[in-house]
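A.B. asks: Pasting a structure below so you can have a look.
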Amino acid sequence: MSTRQPDAAGGGKLRAPLLFAAMAALIVAEGMTSGWNGALVILNMGLISAIMALGLNMQWGYAGLFNSGVVGFTAIGGLAPVLISMQPTPGAFSAGGWGVLLALVVAALAIAAAVWLNRHLTGKAKGLSIVAVLVVGFFVYRWIFDPAVAAIQAINPASQGYLGGLGLPVMLSWPVGALLAALAAWGVAKTALGLRSDYLAIATLGIGEIIVAVLKNEEWLDRGVLNVTGIPRPWPVPYEVDLQANPAFVQWMTDWGISPVTGSTVLVKLLYTGIFGVVLAVLILGAQLALKSPWGRMMRAIRDNEVSAAAMGKDVTGRHLQIFILGAAVIGLGGAMMITLDGQMTPASYNPLRYTFLILVMVVVGGSGNNWGSVLGGVLIWYVWIKAEVWGPKIMHTITMSLADGPLRQHLYDSAPHMRVIIMGLILLIVLRFAPRGLLPEK
Amino acid sequence: MDLLNALVAILNYVVIPATAYGAQLALGALGVTLIYGILRFSNFAHGDTMAFGTAVTIIVTWGLQAAGVSLGPLPTALLALPFGIAITAALMLATDRVIYRYYRKVHAAPVILVMVSVGVMFLMNGITRLLIGVDEIRFDDGARFLITAREWRDWTGLAEPLTLRSTQAITVVVAAVVVWALFWFLAKTRTGKSMRAFSDNEDLALLSGINPNRVVAVTWIIAAALATTAGVLYGLDKSFKAFNYFQLLLPVFAAAIVGGLGNPLGAIAGGFIIAFSEVGVTYAWKKVAGYLGYNADGLLQLLSTEYKFAVSFVILIIVLLFKPTGLFRGKSF
């Protein structure tokens, strides 16, 4: 956001390359000291975080819209790999698939009818008829939906009990994830934009929790807390066991003097790094071009002064809606990529602190409004978040040296990993206070 | 058709739990709405403030229990509550001095303050975790029930049981006392009046010599008291788990907005509206329908309890669509 302040950032043109080089050095140091496998795990998730931060930066950095539901857009994006790439459960669709679809159509029609009535009626008739349509619609929906769901969940519940996916290549699910997140964003932004800025923050908080609740509880869709495992890998990425069984690969690794096990895990992660790097490069190219275009200038003009932008004839709410949906789509893309990387969908793991507010810290630390800043912030903050879990106990060990062994010391020691939450809070507050424009300021 | 038993079932499963929950939400929403009215931003750290205050109260409670102090039939936590409030208020004043005051001085946009409150949320969340961990904790002691199912059956001879847990009664009584005290304070005392003036029109209040630092400090203290009380009552009634308190943020905000942000009376009404809708929509009405002569196949549950947050959200959206200032016209004390 634009709390215009004298820019204390030194380094000029070299600042960004230097900071990126420092970040790369941190990753390399991690690789040298605790192994390349671990370093690449951090880097890969860092790249995905960078993509999510890029999406949030569009909303917060370009437009000043506070999205506190990133976790929801991440989660709904993560649903796409399940729906697209898992094999369909035999018989599930004929058992209840059509029923579920029909029920969802009924629900959509009821809501559409209510919206239509809201536009075309007035007075008492309006309220009553809307309530009537929604209540009848809800009961019809449940009447079709419940038996269909029961039928789906009855099929081989130990390992399936859900509709399954379409069995298509998992890479296809990435744009689908973006689309799902965009749809959810459209729904919430349509109602909460154009009101006081805090309202969007609270409405997105709500939609985030609801999406996660749906994914946790709708077993017919994604097996809920039973998790979907074994999501296939994208095309060029092989499985470690196949590599290790491949004599040519084993020979190749032996020639290099690397154990085939280590070699295969590192190669797999390097391939992911490559794919994610390409996606990130395409996104940042697009984002940079958009930001430098007349459209980008208009966005910043709206952010910096809504009233004068409106006076110039710009549709403030319309543009906000556009950028909010676009940003959510990028976040959803990141969510789909993350589930592809993990190879499993675990809805219970979507925690708002980790997936909403940590991404906010990434954007602010990197530099709100600066795309490169989001990338830097994404990787850097992810690195700190992971390492802080290791540093916490070490620091606590030093602090509690003088204490005698006892319940207090044990308690402090056990809770030391939570230190990273405090560290993140401090980083956010210090950056907001002393360097509100972040590591890489906007201009 | 058995009207009496149906009424008892509704009372037992809907009215009593929702009243207790509504009182807890109302206290939480009062804190949010007060901060919004005076400091003019939505405080995302409020859920974690509730968690922190409750955590401190629990630790003091354990200390008191270890020292053999008890309140007899009442939970020891009530005795520990003032300590929890004092420590939470001290922390709030410290955060205001170190963190928020600067942004007031530079007249930062409200949305920046929301962002700052996210930083504070991280801090308080981390401190709470350090203090007490992330596990679920029950800290209610004393008498469990005011009315047990057996006593009820012996008294009335009705088939349908009714229980009244002591924590539910305590919640309502404490909440009523706190709300009365707050309204008395806002309406009658000099400081309370200056707070209302400050909320109505900051410039005019400053012109008439009201000390803004004093108003802000008192607001934080009251907010700390409300948050801690709400958190402790919720924890006594259900249980303490830091993450659940973070999740309370949504219904609490929804209550404050539904009632009209900045309006204390609205916050209370909003709290009860949200609570009754949540409990009513997630309750399985099969039994009641049975007493009324309709034997249903299903549970007659509109939404499963996992979706209770969806209820706050839907009410929030409806209010935003049709009455964005809330039912009680927000931003006026």
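Residues are named by chain letter and number: chains run A, B, ... in the order of the structure tokens, numbers start at 1 in each chain, and ligands are numbered from 1 in the order shown.
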Distance table requested - chain B against chain A, cut-off 9 Å, only C-alpha atoms: one row per qualifying residue with the closest atom pair and its distance in Å to one decimal, ordered by chain and rising residue number, as a Markdown table.
C.D. replies:
```
| residue | atom | partner | partner_atom | distance |
| --- | --- | --- | --- | --- |
| B:Phe41 | CA | A:Asp198 | CA | 7.6 |
| B:Ser42 | CA | A:Asp198 | CA | 6.4 |
| B:Ile99 | CA | A:Leu429 | CA | 7.7 |
| B:Tyr102 | CA | A:Arg433 | CA | 8.2 |
| B:Tyr103 | CA | A:Arg433 | CA | 8.4 |
| B:Ala108 | CA | A:Thr3 | CA | 7.4 |
| B:Ala109 | CA | A:Thr3 | CA | 8.3 |
| B:Pro110 | CA | A:Asp198 | CA | 7.9 |
| B:Val111 | CA | A:Ser197 | CA | 6.8 |
| B:Ile112 | CA | A:Met1 | CA | 7.8 |
| B:Val114 | CA | A:Asp198 | CA | 7.8 |
| B:Met115 | CA | A:Phe66 | CA | 8.2 |
| B:Val116 | CA | A:Leu429 | CA | 6.4 |
| B:Ser117 | CA | A:Leu429 | CA | 8.9 |
| B:Val118 | CA | A:Phe357 | CA | 7.4 |
| B:Gly119 | CA | A:Gly425 | CA | 4.6 |
| B:Val120 | CA | A:Gly425 | CA | 6.4 |
| B:Met121 | CA | A:Gly425 | CA | 7.4 |
| B:Phe122 | CA | A:Gly425 | CA | 4.6 |
| B:Leu123 | CA | A:Ile422 | CA | 4.7 |
| B:Met124 | CA | A:Ile422 | CA | 7.7 |
| B:Asn125 | CA | A:Val421 | CA | 7.2 |
| B:Gly126 | CA | A:Ile422 | CA | 4.9 |
| B:Ile127 | CA | A:Ile422 | CA | 7.0 |
| B:Arg129 | CA | A:His418 | CA | 6.4 |
| B:Leu130 | CA | A:Ser415 | CA | 5.3 |
| B:Leu131 | CA | A:Ser415 | CA | 8.1 |
| B:Ile132 | CA | A:Ser415 | CA | 8.5 |
| B:Gly133 | CA | A:Ser415 | CA | 6.5 |
| B:Gln247 | CA | A:Glu209 | CA | 8.3 |
| B:Leu249 | CA | A:Leu205 | CA | 8.8 |
| B:Leu250 | CA | A:Gly206 | CA | 6.2 |
| B:Pro251 | CA | A:Gly206 | CA | 8.9 |
| B:Phe253 | CA | A:Ile202 | CA | 7.2 |
| B:Ala254 | CA | A:Ile202 | CA | 8.0 |
| B:Ile257 | CA | A:Tyr199 | CA | 8.5 |
| B:Leu302 | CA | A:Arg142 | CA | 8.6 |
| B:Glu306 | CA | A:Ala213 | CA | 6.8 |
| B:Tyr307 | CA | A:Ala213 | CA | 6.6 |
| B:Phe309 | CA | A:Ile210 | CA | 6.9 |
| B:Ala310 | CA | A:Ile210 | CA | 5.9 |
| B:Ser312 | CA | A:Gly206 | CA | 8.2 |
| B:Phe313 | CA | A:Gly206 | CA | 5.7 |
| B:Leu316 | CA | A:Ala203 | CA | 7.7 |
| B:Ile317 | CA | A:Thr191 | CA | 6.9 |
| B:Ile318 | CA | A:Thr191 | CA | 8.9 |
| B:Leu320 | CA | A:Ala192 | CA | 7.0 |
| B:Leu321 | CA | A:Thr191 | CA | 6.3 |
| B:Pro324 | CA | A:Leu195 | CA | 7.4 |
```
A.B. asks: Residues at most 9 Å from Tyr21 (chain B), counting only C-alpha atoms, excluding those fewer than 2 positions away in the same chain, as a list in words?
C.D. replies: Ile16, Pro17, Ala18, Thr19, Ala23, Gln24, Leu25, Ala26, Gln168, Thr171, Tyr234, Asp237, Gly271, Phe272, Ala275 and Phe276 of chain B
A.B. asks: Leaving out Pro75 (chain B) and any residue of its chain fewer than 3 positions from it, which residues lie within 8 Å of it when counting only C-alpha atoms, given as a PDB file with C-alpha atoms, in the first residue's frame?
C.D. replies:
```
ATOM      1  CA  SER B  70     -11.715 -22.171  45.591  1.00  0.00           C
ATOM      2  CA  LEU B  71     -15.046 -20.447  45.218  1.00  0.00           C
ATOM      3  CA  GLY B  72     -17.062 -23.441  46.363  1.00  0.00           C
ATOM      4  CA  LEU B  78     -14.004 -16.372  38.116  1.00  0.00           C
ATOM      5  CA  LEU B  79     -11.582 -15.495  40.895  1.00  0.00           C
ATOM      6  CA  ASP B 140     -14.120 -25.534  34.800  1.00  0.00           C
ATOM      7  CA  ASP B 141     -14.476 -26.748  38.363  1.00  0.00           C
ATOM      8  CA  GLY B 142     -17.138 -26.357  41.035  1.00  0.00           C
ATOM      9  CA  ALA B 143     -20.717 -27.499  40.541  1.00  0.00           C
TER      10      ALA B 143
END
```
A.B. asks: Between B:Leu226, B:Ala90, B:Leu164, B:Ala289, which residue has the minimum interatomic distance to Leu11 (chain B), considering only C-alpha atoms?
C.D. replies: B:Leu164
A.B. asks: Separation of CA of Met50 (chain B) and CA of Phe240 (chain B), in Å?
C.D. replies: 10.4 Å
A.B. asks: Using only C-alpha atoms, which protein or nucleic acid residues come within 10 Å of Ala217 (chain B)? Drop anything in the same chain fewer than 3 positions from it, and give the result as a list in words.
C.D. replies: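 Neighbouring residues, sequence-local ones excluded: Ala89, Met92, Leu93, Ala94, Asp96, Arg97, Pro212, Asn213, Arg214, Trp220, Ile221, Ile222 and Ala223 of chain B.
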A.B. asks: Got a sec to tell me which of region 38-246 of chain B DSSP assigns to helix (DSSP H, G or I), as an NGL selection string?
C.D. replies: :B and (38-39 or 46-66 or 77-105 or 110-132 or 149-156 or 166-188 or 190-200 or 202-207 or 212-237 or 242-246)
A.B. asks: Just to be explicit: take each residue in the selection above, keep C-alpha atoms, and write the result as a short mmCIF file (atom, residue, chain, number, x, y, z; two decimals), in the first residue's frame.
C.D. replies:
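Contents of part12.cif, freshly written:
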```cif
data_model
loop_
_atom_site.label_atom_id
_atom_site.label_comp_id
_atom_site.auth_asym_id
_atom_site.auth_seq_id
_atom_site.Cartn_x
_atom_site.Cartn_y
_atom_site.Cartn_z
CA ILE B 38 -12.88 4.85 18.92
CA LEU B 39 -9.80 3.70 17.01
CA HIS B 46 -9.30 -9.66 18.89
CA GLY B 47 -9.71 -13.45 18.72
CA ASP B 48 -6.15 -13.94 19.86
CA THR B 49 -6.62 -11.32 22.57
CA MET B 50 -9.48 -13.45 23.86
CA ALA B 51 -7.21 -16.48 23.72
CA PHE B 52 -4.38 -14.68 25.51
CA GLY B 53 -6.62 -13.37 28.28
CA THR B 54 -8.12 -16.81 28.76
CA ALA B 55 -4.68 -18.46 28.80
CA VAL B 56 -3.50 -16.08 31.53
CA THR B 57 -6.69 -16.68 33.49
CA ILE B 58 -6.22 -20.45 33.21
CA ILE B 59 -2.67 -20.22 34.50
CA VAL B 60 -3.79 -18.10 37.46
CA THR B 61 -6.64 -20.58 38.03
CA TRP B 62 -4.14 -23.44 38.21
CA GLY B 63 -2.10 -21.41 40.68
CA LEU B 64 -5.15 -20.78 42.85
CA GLN B 65 -6.20 -24.41 42.67
CA ALA B 66 -2.69 -25.48 43.68
CA ALA B 77 -11.61 -19.16 37.06
CA LEU B 78 -14.00 -16.37 38.12
CA LEU B 79 -11.58 -15.50 40.89
CA ALA B 80 -8.68 -15.57 38.45
CA LEU B 81 -10.55 -13.45 35.89
CA PRO B 82 -9.54 -10.03 37.32
CA PHE B 83 -5.88 -11.05 37.15
CA GLY B 84 -6.35 -12.18 33.56
CA ILE B 85 -8.01 -8.87 32.70
CA ALA B 86 -5.26 -6.85 34.38
CA ILE B 87 -2.45 -8.64 32.55
CA THR B 88 -4.29 -8.52 29.21
CA ALA B 89 -5.01 -4.81 29.69
CA ALA B 90 -1.33 -4.20 30.45
CA LEU B 91 -0.36 -6.03 27.27
CA MET B 92 -2.91 -4.05 25.23
CA LEU B 93 -1.64 -0.75 26.58
CA ALA B 94 1.91 -1.83 25.79
CA THR B 95 1.00 -2.78 22.20
CA ASP B 96 -0.78 0.54 21.81
CA ARG B 97 2.22 2.47 23.10
CA VAL B 98 4.79 0.56 21.03
CA ILE B 99 2.80 -0.24 17.91
CA TYR B 100 -0.54 1.47 17.26
CA ARG B 101 0.23 4.98 18.52
CA TYR B 102 2.61 5.72 15.67
CA TYR B 103 -0.08 4.99 13.07
CA ARG B 104 -2.54 7.29 14.81
CA LYS B 105 0.05 10.03 14.73
CA PRO B 110 -7.78 2.13 8.38
CA VAL B 111 -6.70 -0.73 6.15
CA ILE B 112 -3.07 -0.20 7.21
CA LEU B 113 -4.18 -0.49 10.82
CA VAL B 114 -5.95 -3.75 9.93
CA MET B 115 -2.64 -4.97 8.54
CA VAL B 116 -0.86 -3.87 11.72
CA SER B 117 -3.42 -5.73 13.79
CA VAL B 118 -2.52 -8.87 11.81
CA GLY B 119 1.05 -8.42 13.03
CA VAL B 120 -0.23 -8.07 16.60
CA MET B 121 -2.37 -11.17 16.00
CA PHE B 122 0.75 -13.16 15.12
CA LEU B 123 2.49 -11.89 18.27
CA MET B 124 -0.40 -12.69 20.61
CA ASN B 125 -0.99 -16.04 18.95
CA GLY B 126 2.67 -16.93 19.46
CA ILE B 127 2.71 -15.71 23.06
CA THR B 128 -0.43 -17.71 23.84
CA ARG B 129 1.13 -20.82 22.32
CA LEU B 130 4.30 -20.26 24.35
CA LEU B 131 2.28 -19.80 27.52
CA ILE B 132 -0.10 -22.69 27.29
CA ALA B 149 -31.87 -34.26 33.92
CA ARG B 150 -32.87 -36.49 36.85
CA GLU B 151 -33.96 -33.59 39.07
CA TRP B 152 -35.94 -32.17 36.18
CA ARG B 153 -37.73 -35.48 35.61
CA ASP B 154 -38.52 -35.84 39.31
CA TRP B 155 -39.92 -32.31 39.48
CA THR B 156 -42.00 -32.27 36.35
CA SER B 166 -23.79 -23.87 35.87
CA THR B 167 -21.39 -22.43 33.28
CA GLN B 168 -24.38 -21.43 31.15
CA ALA B 169 -26.02 -19.60 34.03
CA ILE B 170 -22.73 -17.98 35.03
CA THR B 171 -22.17 -16.82 31.45
CA VAL B 172 -25.50 -15.07 31.28
CA VAL B 173 -25.21 -13.49 34.73
CA VAL B 174 -21.63 -12.29 34.23
CA ALA B 175 -22.39 -11.00 30.75
CA ALA B 176 -25.42 -9.11 32.02
CA VAL B 177 -23.37 -7.50 34.81
CA VAL B 178 -20.57 -6.57 32.41
CA VAL B 179 -22.94 -5.08 29.86
CA TRP B 180 -24.79 -3.13 32.53
CA ALA B 181 -21.50 -1.79 33.87
CA LEU B 182 -20.32 -0.84 30.38
CA PHE B 183 -23.49 1.03 29.52
CA TRP B 184 -23.53 2.76 32.87
CA PHE B 185 -19.93 3.77 32.29
CA LEU B 186 -20.59 5.07 28.78
CA ALA B 187 -23.74 6.94 29.76
CA LYS B 188 -22.95 8.36 33.19
CA ARG B 190 -17.18 11.72 32.38
CA THR B 191 -14.73 9.38 30.68
CA GLY B 192 -17.55 7.38 29.15
CA LYS B 193 -19.16 10.52 27.78
CA SER B 194 -15.87 11.69 26.33
CA MET B 195 -15.51 8.30 24.65
CA ARG B 196 -18.90 8.66 23.03
CA ALA B 197 -18.05 12.18 21.93
CA PHE B 198 -14.74 10.99 20.51
CA SER B 199 -16.48 8.25 18.58
CA ASP B 200 -19.14 10.59 17.21
CA GLU B 202 -13.15 13.17 16.72
CA ASP B 203 -12.34 16.75 15.71
CA LEU B 204 -15.11 18.26 17.76
CA ALA B 205 -14.13 16.16 20.76
CA LEU B 206 -10.52 17.27 20.49
CA LEU B 207 -11.63 20.88 20.20
CA PRO B 212 -7.37 11.53 23.09
CA ASN B 213 -4.62 9.48 24.75
CA ARG B 214 -6.79 8.94 27.79
CA VAL B 215 -9.79 7.94 25.68
CA VAL B 216 -7.67 5.48 23.69
CA ALA B 217 -6.10 4.00 26.82
CA VAL B 218 -9.48 3.50 28.48
CA THR B 219 -10.80 1.91 25.27
CA TRP B 220 -7.97 -0.64 25.24
CA ILE B 221 -8.52 -1.46 28.90
CA ILE B 222 -12.25 -1.99 28.35
CA ALA B 223 -11.59 -4.02 25.21
CA ALA B 224 -9.14 -6.19 27.15
CA ALA B 225 -11.70 -6.71 29.91
CA LEU B 226 -14.45 -7.60 27.44
CA ALA B 227 -12.22 -9.92 25.41
CA THR B 228 -10.89 -11.74 28.46
CA THR B 229 -14.34 -12.11 30.00
CA ALA B 230 -15.79 -13.37 26.72
CA GLY B 231 -12.90 -15.79 26.28
CA VAL B 232 -13.08 -17.15 29.82
CA LEU B 233 -16.86 -17.61 29.67
CA TYR B 234 -16.56 -19.38 26.31
CA GLY B 235 -13.77 -21.57 27.67
CA LEU B 236 -15.74 -22.45 30.82
CA ASP B 237 -18.81 -23.27 28.77
CA ALA B 242 -6.25 -21.34 20.98
CA PHE B 243 -7.25 -22.10 17.38
CA ASN B 244 -10.98 -22.14 18.20
CA TYR B 245 -10.59 -18.64 19.55
CA PHE B 246 -9.06 -17.49 16.30
#
```
A.B. asks: Any idea what's packed within 12 Å of Val212 (chain A), counting only C-alpha atoms, ignoring anything in its chain fewer than 6 positions away? Could you give it as a ChimeraX atom specification?
C.D. replies: /A:69-79,205-206,218,222,224-225,345-352,355 /B:306-307,309-310
A.B. asks: Emit the selected residues as a compact mmCIF listing (two decimals), in the first residue's frame, including C-alpha atoms.
C.D. replies:
```txt
# COMPACT_ATOMS: atom_id res chain seq x y z
CA GLY A 69 -9.19 -15.58 2.81
CA VAL A 70 -6.08 -16.65 0.91
CA VAL A 71 -6.32 -20.04 2.62
CA GLY A 72 -9.70 -20.62 0.99
CA PHE A 73 -8.53 -19.72 -2.52
CA THR A 74 -5.47 -21.92 -2.01
CA ALA A 75 -7.65 -24.80 -0.85
CA ILE A 76 -10.19 -24.56 -3.65
CA GLY A 77 -7.34 -24.40 -6.16
CA GLY A 78 -5.98 -27.56 -4.55
CA LEU A 79 -9.26 -29.30 -5.22
CA LEU A 205 -12.14 -14.32 6.22
CA GLY A 206 -15.56 -15.99 6.12
CA GLU A 218 -17.86 -33.11 1.76
CA ASP A 222 -12.54 -35.08 -1.91
CA GLY A 224 -12.77 -34.88 3.46
CA VAL A 225 -10.41 -35.51 6.35
CA MET A 345 -4.90 -33.46 -0.66
CA THR A 346 -5.15 -33.06 3.12
CA PRO A 347 -7.94 -30.56 3.83
CA ALA A 348 -7.22 -30.52 7.58
CA SER A 349 -3.84 -28.94 6.92
CA TYR A 350 -5.26 -25.66 5.62
CA ASN A 351 -4.49 -23.32 8.48
CA PRO A 352 -5.21 -19.61 8.05
CA TYR A 355 -1.84 -19.93 4.24
CA GLU B 306 -19.20 -28.29 10.92
CA TYR B 307 -20.82 -25.57 8.85
CA PHE B 309 -19.44 -20.67 10.51
CA ALA B 310 -21.31 -20.63 7.23
```
A.B. asks: When you look at region 172-177 of chain A with a cut-off of 8 Å (counting only C-alpha atoms), what residues show up, excluding the ones that are within fewer than 2 positions of it in the same chain? I need them as a PDB file with C-alpha atoms, in the first residue's frame.
C.D. replies:
```pdb
ATOM      1  CA  ILE A  76     -10.191 -24.559  -3.653  1.00  0.00           C
ATOM      2  CA  GLY A  77      -7.341 -24.396  -6.158  1.00  0.00           C
ATOM      3  CA  GLY A  78      -5.977 -27.556  -4.547  1.00  0.00           C
ATOM      4  CA  LEU A  79      -9.258 -29.298  -5.217  1.00  0.00           C
ATOM      5  CA  ALA A  80      -8.589 -29.141  -8.957  1.00  0.00           C
ATOM      6  CA  PRO A  81      -5.824 -31.798  -9.076  1.00  0.00           C
ATOM      7  CA  LEU A  83     -11.079 -33.499  -9.668  1.00  0.00           C
ATOM      8  CA  ILE A  84      -8.964 -33.546 -12.820  1.00  0.00           C
ATOM      9  CA  SER A  85      -6.260 -36.131 -12.352  1.00  0.00           C
ATOM     10  CA  LEU A 168      -6.695 -36.447 -17.077  1.00  0.00           C
ATOM     11  CA  PRO A 169      -3.074 -35.190 -16.895  1.00  0.00           C
ATOM     12  CA  VAL A 170      -2.525 -33.290 -13.657  1.00  0.00           C
ATOM     13  CA  LEU A 179     -10.717 -20.919 -12.454  1.00  0.00           C
ATOM     14  CA  LEU A 180     -12.288 -22.403  -9.311  1.00  0.00           C
ATOM     15  CA  ALA A 181     -10.594 -19.787  -7.131  1.00  0.00           C
ATOM     16  CA  ALA A 329      -6.963 -16.992  -9.739  1.00  0.00           C
ATOM     17  CA  GLY A 332      -5.693 -20.805  -6.843  1.00  0.00           C
ATOM     18  CA  LEU A 333      -3.071 -21.736  -9.418  1.00  0.00           C
ATOM     19  CA  GLY A 334      -0.490 -21.813  -6.638  1.00  0.00           C
ATOM     20  CA  GLY A 335      -2.826 -23.983  -4.565  1.00  0.00           C
ATOM     21  CA  ALA A 336      -3.223 -26.498  -7.395  1.00  0.00           C
ATOM     22  CA  MET A 337       0.545 -26.602  -7.914  1.00  0.00           C
TER      23      MET A 337
END
```
A.B. asks: Identify all residues of region 58-180 of chain B in strand (DSSP E or B) (DSSP on the backbone) and supply them as a ChimeraX atom specification.
C.D. replies: /B:71,74,137,145-147,164-165
A.B. asks: CA of Glu306 (chain A) and CA of Ala63 (chain A) are how many Å apart?
C.D. replies: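 Atom-to-atom, CA of Glu306 (chain A) to CA of Ala63 (chain A), that is 10.0 Å.
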